[in-house]
$ cat work-v1.pdb   # PDB, C-alpha atoms
ATOM      1  CA  MET A   1      94.114   4.249-151.818
ATOM      2  CA  THR A   2      93.437   4.076-148.094
ATOM      3  CA  TYR A   3      94.969   1.462-145.809
ATOM      4  CA  LYS A   4      91.510  -0.118-145.470
ATOM      5  CA  GLU A   5      91.266  -0.461-149.253
ATOM      6  CA  ALA A   6      94.818  -1.855-149.393
ATOM      7  CA  ASN A   7      93.980  -4.438-146.734
ATOM      8  CA  ASN A   8      91.166  -5.726-148.956
ATOM      9  CA  ILE A   9      93.755  -6.832-151.533
ATOM     10  CA  SER A  10      94.383 -10.566-151.282
ATOM     11  CA  ILE A  11      97.667 -11.372-149.504
ATOM     12  CA  LYS A  12      97.843 -14.521-151.641
ATOM     13  CA  ASP A  13      97.606 -12.399-154.803
ATOM     14  CA  TYR A  14     100.176  -9.917-153.451
ATOM     15  CA  LEU A  15     102.680 -12.700-152.740
ATOM     16  CA  ASN A  16     101.955 -14.270-156.120
ATOM     17  CA  SER A  17     102.722 -10.933-157.823
ATOM     18  CA  LEU A  18     106.156 -11.071-156.138
ATOM     19  CA  GLY A  19     106.721 -14.615-157.413
ATOM     20  CA  ILE A  20     106.148 -16.170-153.983
ATOM     21  CA  GLN A  21     104.086 -19.359-154.046
ATOM     22  CA  PRO A  22     102.778 -21.509-151.181
ATOM     23  CA  VAL A  23     104.657 -24.716-150.443
ATOM     24  CA  THR A  24     101.388 -26.360-149.398
ATOM     25  CA  GLU A  25      97.743 -25.341-149.404
ATOM     26  CA  LYS A  26      95.043 -26.692-147.116
ATOM     27  CA  GLY A  27      91.844 -25.213-148.526
ATOM     28  CA  SER A  28      91.431 -21.952-146.638
ATOM     29  CA  TYR A  29      95.125 -21.288-145.987
ATOM     30  CA  GLY A  30      98.572 -21.682-147.481
ATOM     31  CA  MET A  31     101.950 -22.341-145.901
ATOM     32  CA  TYR A  32     104.892 -20.418-147.335
ATOM     33  CA  ARG A  33     108.571 -20.021-146.640
ATOM     34  CA  SER A  34     108.787 -16.649-144.962
ATOM     35  CA  PRO A  35     109.494 -13.803-147.382
ATOM     36  CA  LEU A  36     110.770 -11.742-144.438
ATOM     37  CA  ARG A  37     113.697 -13.937-143.356
ATOM     38  CA  GLU A  38     115.649 -17.086-144.190
ATOM     39  CA  ASP A  39     113.221 -19.966-143.827
ATOM     40  CA  ASN A  40     113.966 -23.572-144.809
ATOM     41  CA  THR A  41     110.588 -24.937-143.771
ATOM     42  CA  PRO A  42     107.211 -23.334-144.461
ATOM     43  CA  SER A  43     106.352 -21.451-141.276
ATOM     44  CA  PHE A  44     104.558 -18.470-142.797
ATOM     45  CA  LYS A  45     100.792 -19.000-142.880
ATOM     46  CA  VAL A  46      98.344 -16.985-144.966
ATOM     47  CA  ASP A  47      94.686 -17.396-143.996
ATOM     48  CA  TYR A  48      92.862 -16.816-147.275
ATOM     49  CA  ASN A  49      89.430 -16.288-145.700
ATOM     50  CA  ALA A  50      90.552 -13.783-143.044
ATOM     51  CA  ASN A  51      93.208 -12.304-145.386
ATOM     52  CA  LEU A  52      95.777 -12.325-142.570
ATOM     53  CA  TRP A  53      99.289 -13.719-142.267
ATOM     54  CA  CYS A  54     101.349 -15.133-139.409
ATOM     55  CA  ASP A  55     105.076 -15.867-139.362
ATOM     56  CA  TYR A  56     105.381 -18.609-136.747
ATOM     57  CA  GLY A  57     109.165 -18.217-136.711
ATOM     58  CA  THR A  58     108.953 -14.649-135.384
ATOM     59  CA  GLY A  59     105.473 -14.550-133.878
ATOM     60  CA  GLU A  60     104.554 -11.586-136.083
ATOM     61  CA  GLY A  61     101.556 -11.282-138.324
ATOM     62  CA  GLY A  62      98.758  -9.058-139.510
ATOM     63  CA  THR A  63      97.264  -7.427-142.548
ATOM     64  CA  LEU A  64      98.641  -6.730-146.002
ATOM     65  CA  THR A  65      99.762  -3.229-145.033
ATOM     66  CA  VAL A  66     101.764  -4.647-142.108
ATOM     67  CA  LEU A  67     103.298  -7.282-144.405
ATOM     68  CA  SER A  68     104.176  -4.666-146.991
ATOM     69  CA  ALA A  69     105.871  -2.471-144.381
ATOM     70  CA  ASP A  70     107.772  -5.449-142.935
ATOM     71  CA  TRP A  71     108.778  -6.541-146.461
ATOM     72  CA  SER A  72     110.158  -3.065-147.179
ATOM     73  CA  ARG A  73     112.134  -3.074-143.929
ATOM     74  CA  ALA A  74     113.527  -6.538-144.687
ATOM     75  CA  THR A  75     114.635  -5.778-148.246
ATOM     76  CA  LEU A  76     115.767  -2.143-148.195
ATOM     77  CA  PRO A  77     118.854  -0.842-146.427
ATOM     78  CA  LEU A  78     117.928   1.540-143.643
ATOM     79  CA  PHE A  79     120.983   3.817-143.755
ATOM     80  CA  PRO A  80     123.562   3.099-146.446
ATOM     81  CA  PHE A  81     126.125   5.234-144.588
ATOM     82  CA  THR A  82     129.878   4.747-144.719
ATOM     83  CA  GLY A  83     131.160   7.950-143.077
ATOM     84  CA  LYS A  84     133.185   8.291-139.890
ATOM     85  CA  THR A  85     130.214   9.240-137.738
ATOM     86  CA  CYS A  86     126.679   7.958-137.852
ATOM     87  CA  PRO A  87     123.672  10.211-138.373
ATOM     88  CA  LYS A  88     122.022  11.106-135.086
ATOM     89  CA  GLY A  89     119.633   8.393-133.891
ATOM     90  CA  THR A  90     121.312   5.471-135.669
ATOM     91  CA  ARG A  91     123.741   2.797-134.625
ATOM     92  CA  LYS A  92     126.907   2.204-136.569
ATOM     93  CA  GLY A  93     126.780  -0.993-138.593
ATOM     94  CA  ARG A  94     123.044  -1.527-138.216
ATOM     95  CA  GLN A  95     121.712  -3.917-140.819
ATOM     96  CA  PRO A  96     118.078  -4.472-141.849
ATOM     97  CA  ALA A  97     116.310  -7.596-140.603
ATOM     98  CA  ARG A  98     116.369 -10.421-143.102
TER      99      ARG A  98
END
$ encode --input "work-v1.pdb" --output "structure tokens"
Amino acid sequence: MTYKEANNISIKDYLNSLGIQPVTEKGSYGMYRSPLREDNTPSFKVDYNANLWCDYGTGEGGTLTVLSADWSRATLPLFPFTGKTCPKGTRKGRQPAR
């Protein structure tokens, strides 16, 4: 599958497959609690017609492939390293964004 084909997949359907539902829907868009960070109020908008998302809390947004990459970064540890020295190019104690 190419990134163009992936971006044709509905973001709404993708989030639904992860068990993430909109808090409110207003016809052509839904407002969600951000799946990329702690979010007590719905500030993550998915435009169903354009198939784009925007996280108003961070100012980030984009296509499904961008969301998927950001989701992976937010949920997977970058370097689960506990040694005395860090691998070259990393910072000791770095944690993934939540």
$ resolve_selection --input "work-v1.pdb" --expression "the PyMOL selection byres ((chain A and resi 60) around 12)" --output "list in words"
Ser34, Leu36, Arg37, Ser43, Phe44, Lys45, Leu52, Trp53, Cys54, Asp55, Tyr56, Gly57, Thr58, Gly59, Gly61, Gly62, Thr63, Val66, Leu67 and Asp70 of chain A
$ write_last_selection --input "work-v1.pdb" --atoms "C-alpha atoms" --output "mmCIF file, keeping the file's coordinate frame"
data_model
loop_
_atom_site.group_PDB
_atom_site.id
_atom_site.type_symbol
_atom_site.label_atom_id
_atom_site.label_comp_id
_atom_site.auth_asym_id
_atom_site.auth_seq_id
_atom_site.Cartn_x
_atom_site.Cartn_y
_atom_site.Cartn_z
ATOM 1 C CA SER A 34 108.787 -16.649 -144.962
ATOM 2 C CA LEU A 36 110.770 -11.742 -144.438
ATOM 3 C CA ARG A 37 113.697 -13.937 -143.356
ATOM 4 C CA SER A 43 106.352 -21.451 -141.276
ATOM 5 C CA PHE A 44 104.558 -18.470 -142.797
ATOM 6 C CA LYS A 45 100.792 -19.000 -142.880
ATOM 7 C CA LEU A 52 95.777 -12.325 -142.570
ATOM 8 C CA TRP A 53 99.289 -13.719 -142.267
ATOM 9 C CA CYS A 54 101.349 -15.133 -139.409
ATOM 10 C CA ASP A 55 105.076 -15.867 -139.362
ATOM 11 C CA TYR A 56 105.381 -18.609 -136.747
ATOM 12 C CA GLY A 57 109.165 -18.217 -136.711
ATOM 13 C CA THR A 58 108.953 -14.649 -135.384
ATOM 14 C CA GLY A 59 105.473 -14.550 -133.878
ATOM 15 C CA GLY A 61 101.556 -11.282 -138.324
ATOM 16 C CA GLY A 62 98.758 -9.058 -139.510
ATOM 17 C CA THR A 63 97.264 -7.427 -142.548
ATOM 18 C CA VAL A 66 101.764 -4.647 -142.108
ATOM 19 C CA LEU A 67 103.298 -7.282 -144.405
ATOM 20 C CA ASP A 70 107.772 -5.449 -142.935
#
$ closest_residue --input "work-v1.pdb" --among "A:Thr24, A:Asn49, A:Ala69, A:Leu64" --to "Glu5 in chain A" --atoms "only C-alpha atoms"
A:Leu64
$ atom_distance --input "work-v1.pdb" --atom1 "CA of Tyr29 in chain A" --atom2 "CA of Ala50 in chain A"
9.3 Å
$ atom_distance --input "work-v1.pdb" --atom1 "CA of Met1 in chain A" --atom2 "CA of Ser17 in chain A"
18.5 Å
$ atom_distance --input "work-v1.pdb" --atom1 "CA of Asn51 in chain A" --atom2 "CA of Gln21 in chain A"
15.6 Å
$ resolve_selection --input "work-v1.pdb" --expression "the PyMOL selection byres ((chain A and resi 33) around 8)" --output "number ranges by chain"
A: 22-23, 31-32, 34-35, 39-44
$ closest_residue --input "work-v1.pdb" --among "A:Gly27, A:Leu18, A:Glu38, A:Asp47" --to "Ser68 in chain A" --atoms "only C-alpha atoms"
A:Leu18
$ closest_residue --input "work-v1.pdb" --among "A:Tyr48, A:Thr65, A:Thr2, A:Asp13" --to "Lys26 in chain A" --atoms "only C-alpha atoms"
A:Tyr48
